[in-house]
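The file protein27.cif comes next; it holds mmCIF, C-alpha atoms.
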```cif
data_data
loop_
_atom_site.label_atom_id
_atom_site.label_comp_id
_atom_site.auth_asym_id
_atom_site.auth_seq_id
_atom_site.Cartn_x
_atom_site.Cartn_y
_atom_site.Cartn_z
CA MET A 1 170.91 9.46 -23.03
CA LYS A 2 171.73 8.88 -26.69
CA ILE A 3 169.59 8.54 -29.78
CA ASP A 4 167.84 5.17 -29.92
CA VAL A 5 168.32 4.42 -33.59
CA GLU A 6 165.71 1.68 -33.53
CA ALA A 7 163.10 3.94 -31.91
CA VAL A 8 163.33 6.95 -34.22
CA ARG A 9 161.54 6.64 -37.53
CA ALA A 10 163.71 9.13 -39.40
CA ILE A 11 166.75 11.38 -39.03
CA ASP A 12 166.41 14.89 -40.41
CA MET A 13 169.88 16.01 -41.46
CA HIS A 14 169.08 19.72 -41.85
CA THR A 15 167.32 21.89 -39.25
CA HIS A 16 167.97 25.39 -37.95
CA ALA A 17 167.94 27.10 -34.58
CA GLN A 18 166.92 30.51 -35.83
CA VAL A 19 166.67 32.50 -32.60
CA PRO A 20 168.38 32.23 -29.20
CA VAL A 21 166.69 30.50 -26.29
CA ASP A 22 166.87 33.73 -24.28
CA GLY A 23 166.74 37.27 -25.57
CA GLU A 24 165.81 38.71 -28.93
CA ALA A 25 167.05 37.71 -32.36
CA ASP A 26 169.42 40.04 -34.19
CA PRO A 27 167.31 42.50 -36.26
CA ARG A 28 169.25 41.39 -39.36
CA THR A 29 168.14 37.82 -38.70
CA THR A 30 164.54 38.97 -38.52
CA ALA A 31 164.87 40.91 -41.79
CA PHE A 32 166.33 37.90 -43.62
CA LEU A 33 163.69 35.55 -42.23
CA ASP A 34 160.85 37.94 -43.05
CA ALA A 35 162.06 38.12 -46.65
CA ALA A 36 162.46 34.34 -46.80
CA ALA A 37 158.92 33.85 -45.51
CA LYS A 38 157.63 36.08 -48.29
CA HIS A 39 159.77 34.23 -50.85
CA PHE A 40 158.52 30.81 -49.71
CA ARG A 41 154.95 32.15 -49.23
CA SER A 42 154.96 30.62 -45.79
CA ASP A 43 154.80 32.30 -42.40
CA PHE A 44 157.03 29.63 -40.89
CA PRO A 45 157.90 29.64 -37.18
CA ARG A 46 161.18 30.98 -35.79
CA PRO A 47 162.22 28.22 -33.35
CA ASN A 48 165.02 28.16 -30.85
CA ALA A 49 167.03 24.98 -30.32
CA GLN A 50 164.82 23.70 -27.49
CA GLN A 51 161.72 24.15 -29.60
CA VAL A 52 163.34 22.18 -32.41
CA ALA A 53 164.05 19.35 -29.95
CA ASP A 54 160.45 19.38 -28.75
CA HIS A 55 159.12 19.34 -32.33
CA TYR A 56 161.15 16.28 -33.31
CA ARG A 57 160.65 14.37 -30.07
CA ALA A 58 156.88 14.64 -30.56
CA ARG A 59 157.33 12.98 -33.97
CA SER A 60 159.72 10.21 -32.88
CA MET A 61 162.47 11.65 -35.07
CA ALA A 62 166.03 12.80 -34.54
CA ALA A 63 167.49 15.92 -36.11
CA VAL A 64 170.81 17.51 -36.95
CA ILE A 65 170.63 21.12 -35.75
CA PHE A 66 172.87 24.12 -36.40
CA CYS A 67 173.11 27.88 -36.70
CA VAL A 68 175.03 29.82 -39.37
CA ASP A 69 177.96 32.09 -38.47
CA ASN A 70 178.04 34.75 -41.18
CA GLN A 71 178.88 37.74 -39.03
CA HIS A 72 181.93 38.75 -41.11
CA ALA A 73 179.95 39.34 -44.30
CA THR A 74 176.55 40.47 -43.00
CA GLY A 75 177.11 41.68 -39.44
CA GLU A 76 174.38 39.30 -38.29
CA VAL A 77 174.97 37.92 -34.80
CA PRO A 78 174.16 34.19 -34.91
CA VAL A 79 172.77 31.87 -32.30
CA SER A 80 175.92 30.76 -30.49
CA ASN A 81 177.51 27.41 -31.17
CA ASP A 82 177.83 26.88 -27.43
CA GLU A 83 174.09 27.28 -27.01
CA ILE A 84 173.50 24.68 -29.74
CA LEU A 85 175.85 22.28 -27.95
CA ASP A 86 174.29 22.92 -24.54
CA VAL A 87 170.72 22.41 -25.73
CA ALA A 88 171.70 19.33 -27.74
CA ALA A 89 173.43 17.82 -24.71
CA ALA A 90 170.23 18.33 -22.70
CA ASN A 91 168.19 16.74 -25.52
CA SER A 92 170.61 14.08 -26.71
CA ASP A 93 167.76 11.65 -27.40
CA VAL A 94 166.75 13.74 -30.44
CA LEU A 95 169.36 16.40 -31.31
CA ILE A 96 172.68 15.96 -33.13
CA PRO A 97 174.65 19.22 -32.86
CA PHE A 98 176.55 20.67 -35.80
CA VAL A 99 178.35 24.01 -35.44
CA SER A 100 179.20 26.85 -37.79
CA ILE A 101 182.40 28.89 -38.00
CA ASP A 102 182.95 31.67 -40.50
CA PRO A 103 186.15 30.83 -42.42
CA HIS A 104 187.15 34.51 -42.28
CA ARG A 105 187.74 34.25 -38.52
CA GLY A 106 191.41 34.35 -37.63
CA ASP A 107 190.91 31.74 -34.92
CA ALA A 108 188.67 29.48 -37.02
CA ALA A 109 190.78 26.31 -36.74
CA ALA A 110 191.37 26.72 -33.01
CA GLU A 111 187.67 27.39 -32.45
CA ALA A 112 186.79 24.28 -34.43
CA ARG A 113 189.00 22.15 -32.20
CA ARG A 114 187.46 23.70 -29.09
CA LEU A 115 183.93 22.98 -30.29
CA ILE A 116 184.85 19.42 -31.27
CA GLY A 117 186.10 18.97 -27.73
CA ARG A 118 182.71 20.20 -26.49
CA GLY A 119 180.81 17.62 -28.52
CA ALA A 120 180.24 19.04 -32.01
CA ARG A 121 179.24 16.26 -34.40
CA GLY A 122 179.71 18.17 -37.65
CA PHE A 123 180.07 21.61 -39.27
CA LYS A 124 177.81 23.80 -41.40
CA PHE A 125 179.04 26.19 -44.12
CA HIS A 126 176.87 28.64 -46.06
CA PRO A 127 179.11 30.08 -48.79
CA ASN A 128 176.47 32.62 -49.91
CA LEU A 129 176.02 34.13 -46.47
CA GLN A 130 179.68 33.73 -45.50
CA ALA A 131 180.86 35.22 -48.83
CA PHE A 132 183.54 32.71 -49.78
CA PHE A 133 184.15 30.09 -52.41
CA PRO A 134 184.46 26.68 -50.70
CA SER A 135 187.72 26.08 -52.58
CA ASP A 136 189.26 29.31 -51.25
CA ARG A 137 192.46 28.45 -49.39
CA LEU A 138 191.46 30.76 -46.54
CA ALA A 139 189.18 27.95 -45.35
CA TYR A 140 191.76 25.18 -45.58
CA PRO A 141 193.14 25.45 -42.01
CA LEU A 142 189.55 25.12 -40.78
CA TYR A 143 188.95 22.09 -43.01
CA GLU A 144 192.17 20.54 -41.71
CA ALA A 145 190.88 20.79 -38.14
CA ILE A 146 187.58 19.19 -39.16
CA ALA A 147 189.28 16.46 -41.19
CA GLU A 148 191.46 15.53 -38.21
CA SER A 149 188.30 14.56 -36.36
CA GLY A 150 186.66 12.73 -39.26
CA LEU A 151 183.49 14.78 -38.76
CA PRO A 152 181.25 15.76 -41.70
CA ALA A 153 180.91 19.21 -43.21
CA VAL A 154 177.66 20.46 -44.76
CA PHE A 155 177.86 23.03 -47.56
CA HIS A 156 174.82 25.00 -48.69
CA THR A 157 174.55 24.68 -52.47
CA GLY A 158 172.29 26.25 -55.06
CA HIS A 159 169.78 29.05 -54.70
CA SER A 160 169.35 30.72 -51.33
CA GLY A 161 166.04 31.71 -49.83
CA MET A 162 167.99 34.05 -47.57
CA GLY A 163 168.00 37.42 -49.34
CA SER A 164 165.49 36.39 -52.00
CA GLY A 165 163.30 39.33 -52.98
CA MET A 166 165.33 41.87 -51.01
CA PRO A 167 166.97 44.77 -52.88
CA GLY A 168 170.22 43.42 -54.27
CA GLY A 169 169.37 40.08 -52.69
CA GLY A 170 170.30 41.51 -49.31
CA GLY A 171 173.92 41.66 -50.51
CA ILE A 172 174.08 37.86 -50.84
CA ARG A 173 175.85 36.54 -53.94
CA LEU A 174 174.67 33.25 -55.44
CA LYS A 175 177.93 32.53 -57.26
CA TYR A 176 179.54 31.06 -54.15
CA SER A 177 177.11 28.14 -53.95
CA ASN A 178 177.88 26.24 -57.16
CA PRO A 179 178.59 22.70 -55.85
CA MET A 180 181.50 22.35 -58.27
CA TYR A 181 183.55 24.57 -55.94
CA VAL A 182 183.18 21.85 -53.31
CA ASP A 183 184.80 19.34 -55.67
CA ASP A 184 188.26 20.75 -54.90
CA VAL A 185 187.55 20.42 -51.18
CA ALA A 186 186.57 16.78 -51.64
CA VAL A 187 189.84 16.11 -53.50
CA ASP A 188 192.02 17.88 -50.95
CA PHE A 189 190.29 16.49 -47.84
CA PRO A 190 189.33 12.89 -48.66
CA ALA A 191 188.97 12.03 -44.95
CA MET A 192 186.28 14.70 -44.42
CA PRO A 193 182.75 13.52 -45.26
CA ILE A 194 180.91 16.23 -47.19
CA ILE A 195 177.18 16.84 -47.54
CA LEU A 196 175.94 18.99 -50.41
CA ALA A 197 172.84 20.60 -48.93
CA HIS A 198 169.64 20.94 -50.97
CA PRO A 199 168.62 20.11 -54.51
CA SER A 200 171.16 22.47 -56.02
CA PHE A 201 169.08 24.61 -58.39
CA PRO A 202 170.33 25.76 -60.88
CA TRP A 203 173.30 23.37 -60.58
CA GLN A 204 171.55 20.07 -59.86
CA GLU A 205 173.57 18.04 -62.35
CA GLU A 206 176.86 19.42 -61.02
CA ALA A 207 175.90 18.25 -57.53
CA LEU A 208 174.97 14.78 -58.77
CA SER A 209 178.27 14.54 -60.61
CA VAL A 210 180.37 15.52 -57.58
CA ALA A 211 178.48 13.09 -55.33
CA MET A 212 178.91 10.25 -57.83
CA HIS A 213 182.61 10.94 -58.37
CA LYS A 214 183.78 11.53 -54.79
CA ALA A 215 183.38 8.63 -52.39
CA GLN A 216 182.81 10.76 -49.29
CA VAL A 217 180.28 13.19 -50.78
CA TYR A 218 176.57 12.93 -49.92
CA ILE A 219 173.50 15.00 -50.85
CA ASP A 220 170.77 16.10 -48.47
CA LEU A 221 167.32 16.66 -49.92
CA SER A 222 166.31 19.66 -47.82
CA GLY A 223 164.92 23.06 -48.66
CA LEU A 224 162.71 22.07 -51.59
CA ALA A 225 159.32 20.41 -51.37
CA PRO A 226 159.73 16.85 -52.70
CA LYS A 227 156.87 17.35 -55.16
CA LEU A 228 159.19 19.85 -56.89
CA PHE A 229 162.25 17.56 -57.10
CA PRO A 230 163.60 17.47 -60.65
CA PRO A 231 163.17 14.05 -62.32
CA ILE A 232 166.93 13.57 -62.63
CA LEU A 233 167.31 13.89 -58.85
CA VAL A 234 164.65 11.24 -58.23
CA GLN A 235 166.34 9.02 -60.83
CA TYR A 236 169.74 9.23 -59.12
CA VAL A 237 168.33 8.83 -55.61
CA ASN A 238 166.68 5.63 -56.83
CA GLY A 239 169.89 4.47 -58.46
CA PRO A 240 173.58 5.33 -58.10
CA LEU A 241 173.15 7.70 -55.14
CA ARG A 242 170.75 5.55 -53.11
CA ALA A 243 173.40 5.11 -50.38
CA LYS A 244 174.31 8.82 -50.41
CA ALA A 245 170.94 10.60 -50.31
CA LEU A 246 169.80 11.98 -46.94
CA PHE A 247 166.44 13.14 -45.62
CA GLY A 248 166.54 16.81 -44.70
CA SER A 249 163.67 19.24 -44.33
CA ASP A 250 165.32 22.63 -43.72
CA TYR A 251 162.94 23.03 -40.77
CA PRO A 252 161.32 25.40 -40.06
CA VAL A 253 161.19 26.52 -43.71
CA LEU A 254 159.70 23.12 -44.50
CA THR A 255 158.19 20.94 -41.82
CA PRO A 256 159.23 17.30 -41.61
CA ASP A 257 155.54 16.38 -41.79
CA ARG A 258 155.11 18.02 -45.19
CA TRP A 259 158.43 16.70 -46.49
CA LEU A 260 157.64 13.11 -45.52
CA ALA A 261 154.11 13.26 -46.91
CA GLU A 262 155.34 14.51 -50.29
CA PHE A 263 158.30 12.12 -50.35
CA ALA A 264 155.83 9.24 -49.88
CA GLU A 265 154.21 10.24 -53.18
CA LEU A 266 157.44 10.09 -55.18
CA PRO A 267 158.29 7.00 -57.26
CA ILE A 268 161.06 5.94 -54.87
CA ARG A 269 161.78 2.22 -54.63
CA ASP A 270 160.66 0.51 -51.45
CA GLU A 271 164.19 -0.64 -50.63
CA VAL A 272 165.56 2.90 -51.09
CA ARG A 273 163.14 4.73 -48.77
CA PRO A 274 164.63 3.48 -45.47
CA LEU A 275 168.11 4.32 -46.73
CA VAL A 276 167.16 7.94 -47.36
CA LEU A 277 165.03 8.39 -44.25
CA LYS A 278 167.43 6.91 -41.72
CA GLN A 279 169.99 4.27 -42.63
CA ASN A 280 172.35 6.45 -44.67
CA ALA A 281 172.44 9.02 -41.85
CA VAL A 282 173.08 6.33 -39.24
CA ARG A 283 176.10 5.15 -41.19
CA LEU A 284 177.41 8.65 -41.95
CA LEU A 285 177.05 9.86 -38.36
CA GLY A 286 178.33 6.65 -36.78
CA LEU A 287 175.14 6.14 -34.78
CA ALA A 288 174.91 2.37 -35.14
CA ARG A 289 175.71 0.33 -32.07
CA PRO A 290 178.85 -1.79 -32.46
CA ALA A 291 178.24 -5.47 -32.85
CA ILE A 292 178.72 -7.57 -29.71
CA GLN A 293 181.77 -9.76 -30.04
CA ASP A 294 181.62 -13.36 -28.88
CA ASP A 295 184.29 -14.42 -26.40
#
```
Please express the file's structure as structure tokens.
Amino acid sequence: MKIDVEAVRAIDMHTHAQVPVDGEADPRTTAFLDAAAKHFRSDFPRPNAQQVADHYRARSMAAVIFCVDNQHATGEVPVSNDEILDVAAANSDVLIPFVSIDPHRGDAAAEARRLIGRGARGFKFHPNLQAFFPSDRLAYPLYEAIAESGLPAVFHTGHSGMGSGMPGGGGIRLKYSNPMYVDDVAVDFPAMPIILAHPSFPWQEEALSVAMHKAQVYIDLSGLAPKLFPPILVQYVNGPLRAKALFGSDYPVLTPDRWLAEFAELPIRDEVRPLVLKQNAVRLLGLARPAIQDD
């Protein structure tokens, strides 16, 4: 079974499997999530991949799902990419699996090719947690493997809720997430679609500039309640970036229900709303059915 594009009412481009289906989460994961819950003043759930699938199926939505591999910098053991792929394959009517590989891994490019062969539909990078600048050449062999496939890469940008409020920010450095560091990647890998994740506080205008300048760069609108979107972001979503803005909730930090309710209150043009909620994602992910050719 594949996603019925006509049947789903939206495609959430940014959700997390935060704990494994079986067994306990890494204690470091729990510590980061506890601090994030305090930062966001929300005791949000800690779903596994199957629970994410169930949540979105009940809402007639599809969702991109991923984990974050940041074991090199933090020691945190992530939910495995293979588990994400297995659960997504069993729930292919709602889940679109992205995977995450720490660029510091010596076998990063080979692992990327293996996961692509298993059905990965994209890749997630979190420069803060993975402790690297996106433009660092250590990541280029990994980008080359992704670019060969034409799959998209998501880069966390801006402030990080992970580590917020912890002593020393939990060792997480914000400097890595300025979206301008992704500009070099967009130049050097023009065949790799790039998604700048989140309204990129405090670098919102840098993100808008990169997305306007580079043809293959998109922005997802996850991780910040829409009622808090800066006016310049709303202005550009309504205008020059209307074909590049993507619905994303950052579930479970924000629920898709809350995100959609607040987005409905924004002064977004009627013709732009379906682009953001579904159509831009359908095009980016290649989900549209090919047209039937007449004989």
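The shortest atom-to-atom distance to Arg59 (chain A), with all atoms listed in the file taken into account, belongs to A:Ile11 out of A:Ala112, A:Ala139, A:Ile11, A:Ala191.
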Residues selected by the PyMOL selection byres ((chain A and resi 274) around 12), written as a ChimeraX atom specification: /A:8-11,238,242-243,245-247,260,263-264,268-273,275-282
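Take CA of Thr74 (chain A) and CA of Gly223 (chain A): the distance between them is 21.7 Å.
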Which residues come within 8 Å of Leu224 (chain A), counting only C-alpha atoms, excluding same-chain residues fewer than 3 positions away, as a list in words? His198, Pro199, Leu221, Leu228, Phe229, Ser249 and Leu254 of chain A
Please compute the CA of Gly165 (chain A)-CA of Asp183 (chain A) distance, one decimal, in Å. 29.5 Å
